[in-house]
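Trainee: I'd like to ask you about the structure that follows.
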Amino acid sequence: MKIPRMTVITLGVADLTRSTAFYREIFSTPPVTEHAGVTFIPLPGVWLSLYPLEKLAEDIGEEVKLPAPGTFHGVTLAYNARSKDEITSIFARVAEAGAHIAKAPQDTFWGGYSGYFSDPDGHYWEVAWGPMFDFTEHGDLRFKT
């Protein structure tokens, strides 16, 4: 059996209250539901959950091994924007919410426009626009045909 889609992305966070406030601000997507010590943020097509890092490690049965502060973990989350102007607006919003701007939006080698920011726990996000993409009527990303 194949896994047909991703439904939830969980981020281990150091301070659930701080991270909940950060994501509430940047997504501006109520409701943010807190249940049993986990914050769930329903987004179109996928939910983002925030779970205290130690509790997440305990649930998995692993020890928490934190990299040095500012170390890239090898994973990014991404949002594909509909325009360069939308990216500019998003970066203004995330900066106001306290995100670290790792790479300001700029033209890319692949013909698009993108930038990176990280949340209070160092999870990196790319916000990108590419001329090869468009969206379905439901907002799903696809390659232009």
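Numbering starts fresh at 1 for the residues of each chain in the structure tokens, the chains themselves are lettered A, B, ... in the order given, and ligands are numbered from 1 as they appear.
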Quick one: everything within 7 Å of region 45-48 of chain A, counting only C-alpha atoms, minus sequence neighbours fewer than 6 positions away in the same chain. Send it as a list in words.

Mentor: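 Counting only the stated atoms, we get Met6, Thr7, Val8, Ile9 and Thr10 of chain A.
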
Trainee: Which parts of region 1-74 of chain A does DSSP call alpha helix (DSSP H) when run on the backbone here, written out as a PDB file with N, CA and C atoms, in the first residue's frame?

Mentor:
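Output saved as selection.pdb:
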```pdb
ATOM      1  N   LEU A  16       6.654  25.569  23.468  1.00  0.00           N
ATOM      2  CA  LEU A  16       5.389  25.423  22.741  1.00  0.00           C
ATOM      3  C   LEU A  16       4.619  26.742  22.671  1.00  0.00           C
ATOM      4  N   THR A  17       4.580  27.491  23.745  1.00  0.00           N
ATOM      5  CA  THR A  17       3.850  28.766  23.755  1.00  0.00           C
ATOM      6  C   THR A  17       4.455  29.739  22.754  1.00  0.00           C
ATOM      7  N   ARG A  18       5.778  29.873  22.766  1.00  0.00           N
ATOM      8  CA  ARG A  18       6.468  30.785  21.840  1.00  0.00           C
ATOM      9  C   ARG A  18       6.255  30.364  20.389  1.00  0.00           C
ATOM     10  N   SER A  19       6.413  29.084  20.099  1.00  0.00           N
ATOM     11  CA  SER A  19       6.257  28.603  18.718  1.00  0.00           C
ATOM     12  C   SER A  19       4.815  28.713  18.248  1.00  0.00           C
ATOM     13  N   THR A  20       3.862  28.446  19.134  1.00  0.00           N
ATOM     14  CA  THR A  20       2.450  28.598  18.778  1.00  0.00           C
ATOM     15  C   THR A  20       2.157  30.049  18.412  1.00  0.00           C
ATOM     16  N   ALA A  21       2.666  30.985  19.214  1.00  0.00           N
ATOM     17  CA  ALA A  21       2.453  32.407  18.923  1.00  0.00           C
ATOM     18  C   ALA A  21       3.103  32.798  17.600  1.00  0.00           C
ATOM     19  N   PHE A  22       4.314  32.297  17.336  1.00  0.00           N
ATOM     20  CA  PHE A  22       5.019  32.600  16.086  1.00  0.00           C
ATOM     21  C   PHE A  22       4.211  32.128  14.881  1.00  0.00           C
ATOM     22  N   TYR A  23       3.780  30.874  14.881  1.00  0.00           N
ATOM     23  CA  TYR A  23       3.049  30.339  13.728  1.00  0.00           C
ATOM     24  C   TYR A  23       1.644  30.918  13.611  1.00  0.00           C
ATOM     25  N   ARG A  24       1.027  31.239  14.731  1.00  0.00           N
ATOM     26  CA  ARG A  24      -0.274  31.920  14.677  1.00  0.00           C
ATOM     27  C   ARG A  24      -0.111  33.253  13.948  1.00  0.00           C
ATOM     28  N   GLU A  25       0.986  33.957  14.240  1.00  0.00           N
ATOM     29  CA  GLU A  25       1.245  35.255  13.615  1.00  0.00           C
ATOM     30  C   GLU A  25       1.550  35.118  12.123  1.00  0.00           C
ATOM     31  N   ILE A  26       2.416  34.194  11.739  1.00  0.00           N
ATOM     32  CA  ILE A  26       2.796  34.150  10.321  1.00  0.00           C
ATOM     33  C   ILE A  26       1.726  33.525   9.440  1.00  0.00           C
ATOM     34  N   PHE A  27       0.982  32.559   9.953  1.00  0.00           N
ATOM     35  CA  PHE A  27      -0.072  31.944   9.130  1.00  0.00           C
ATOM     36  C   PHE A  27      -1.381  32.710   9.223  1.00  0.00           C
ATOM     37  N   LEU A  53       9.887  19.312  22.021  1.00  0.00           N
ATOM     38  CA  LEU A  53      10.926  18.436  21.487  1.00  0.00           C
ATOM     39  C   LEU A  53      11.189  17.218  22.366  1.00  0.00           C
ATOM     40  N   GLU A  54      11.292  17.429  23.669  1.00  0.00           N
ATOM     41  CA  GLU A  54      11.573  16.296  24.563  1.00  0.00           C
ATOM     42  C   GLU A  54      10.446  15.262  24.526  1.00  0.00           C
ATOM     43  N   LYS A  55       9.201  15.751  24.474  1.00  0.00           N
ATOM     44  CA  LYS A  55       8.049  14.838  24.416  1.00  0.00           C
ATOM     45  C   LYS A  55       8.011  14.087  23.088  1.00  0.00           C
ATOM     46  N   LEU A  56       8.356  14.781  21.992  1.00  0.00           N
ATOM     47  CA  LEU A  56       8.389  14.130  20.681  1.00  0.00           C
ATOM     48  C   LEU A  56       9.455  13.038  20.653  1.00  0.00           C
ATOM     49  N   ALA A  57      10.637  13.342  21.181  1.00  0.00           N
ATOM     50  CA  ALA A  57      11.705  12.337  21.242  1.00  0.00           C
ATOM     51  C   ALA A  57      11.287  11.147  22.097  1.00  0.00           C
ATOM     52  N   GLU A  58      10.640  11.423  23.222  1.00  0.00           N
ATOM     53  CA  GLU A  58      10.152  10.356  24.107  1.00  0.00           C
ATOM     54  C   GLU A  58       9.131   9.482  23.379  1.00  0.00           C
ATOM     55  N   ASP A  59       8.231  10.118  22.627  1.00  0.00           N
ATOM     56  CA  ASP A  59       7.208   9.379  21.892  1.00  0.00           C
ATOM     57  C   ASP A  59       7.835   8.456  20.850  1.00  0.00           C
ATOM     58  N   ILE A  60       8.889   8.930  20.202  1.00  0.00           N
ATOM     59  CA  ILE A  60       9.581   8.130  19.188  1.00  0.00           C
ATOM     60  C   ILE A  60      10.450   7.064  19.844  1.00  0.00           C
TER      61      ILE A  60
END
```

Trainee: Which residues come within 8 Å of region 112-127 of chain A, counting only C-alpha atoms, excluding same-chain residues fewer than 5 positions away, as a PDB file with C-alpha atoms, in the first residue's frame?

Mentor:
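Output file around32.pdb is given in full below:
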```pdb
ATOM      1  CA  LEU A  11       8.016  20.107  14.425  1.00  0.00           C
ATOM      2  CA  VAL A  13       9.914  22.818  19.564  1.00  0.00           C
ATOM      3  CA  ALA A  14      11.721  24.102  22.651  1.00  0.00           C
ATOM      4  CA  ARG A  18       6.468  30.785  21.840  1.00  0.00           C
ATOM      5  CA  SER A  19       6.257  28.603  18.718  1.00  0.00           C
ATOM      6  CA  PHE A  22       5.019  32.600  16.086  1.00  0.00           C
ATOM      7  CA  GLY A  70      22.602  27.982  13.964  1.00  0.00           C
ATOM      8  CA  PHE A  72      21.394  23.602   9.395  1.00  0.00           C
ATOM      9  CA  HIS A  73      19.486  20.336  10.040  1.00  0.00           C
ATOM     10  CA  VAL A  75      15.469  19.786   6.106  1.00  0.00           C
ATOM     11  CA  THR A  76      13.419  22.683   4.789  1.00  0.00           C
ATOM     12  CA  LEU A  77       9.707  23.286   4.612  1.00  0.00           C
ATOM     13  CA  ALA A  78       8.429  25.322   1.692  1.00  0.00           C
ATOM     14  CA  TYR A  79       5.621  27.513   0.493  1.00  0.00           C
ATOM     15  CA  ASN A  80       5.235  28.240  -3.204  1.00  0.00           C
ATOM     16  CA  ALA A  81       3.911  31.738  -3.772  1.00  0.00           C
ATOM     17  CA  LYS A  84       7.306  37.771  -6.343  1.00  0.00           C
ATOM     18  CA  ILE A  87       7.034  36.658  -1.374  1.00  0.00           C
ATOM     19  CA  VAL A  94       7.672  36.692   9.105  1.00  0.00           C
ATOM     20  CA  GLY A  98      10.521  37.461  14.787  1.00  0.00           C
ATOM     21  CA  ALA A  99      11.792  35.021  12.153  1.00  0.00           C
ATOM     22  CA  HIS A 100      15.490  34.933  11.340  1.00  0.00           C
ATOM     23  CA  ILE A 101      15.884  35.866   7.669  1.00  0.00           C
ATOM     24  CA  ALA A 102      18.564  33.429   6.517  1.00  0.00           C
ATOM     25  CA  LYS A 103      18.514  34.477   2.841  1.00  0.00           C
ATOM     26  CA  ALA A 104      16.570  37.478   1.601  1.00  0.00           C
ATOM     27  CA  PRO A 105      14.373  36.827  -1.448  1.00  0.00           C
ATOM     28  CA  GLN A 106      16.313  36.998  -4.693  1.00  0.00           C
ATOM     29  CA  ASP A 107      16.397  35.666  -8.230  1.00  0.00           C
TER      30      ASP A 107
END
```

Trainee: Within chain A, find each residue whose DSSP state, derived from the backbone, is strand (DSSP E), and express the selection as a PyMOL selection string.

Mentor: chain A and resi 8-13+33-35+38-43+46-52+76-80+100-107+113-118+124-129+133-135+141-143

Trainee: Report, in Å to a single decimal, how far apart CA of Glu137 (chain A) and CA of Pro44 (chain A) are.

Mentor: 12.6 Å

Trainee: Between A:Pro67, A:Pro52, A:Thr88, A:Arg82, which residue has the minimum interatomic distance to Leu141 (chain A), considering only C-alpha atoms?

Mentor: A:Arg82

Trainee: To one decimal place, how far is CA of Ala36 (chain A) from CA of Gly74 (chain A) in Å?

Mentor: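 These atoms are spaced 29.0 Å apart.
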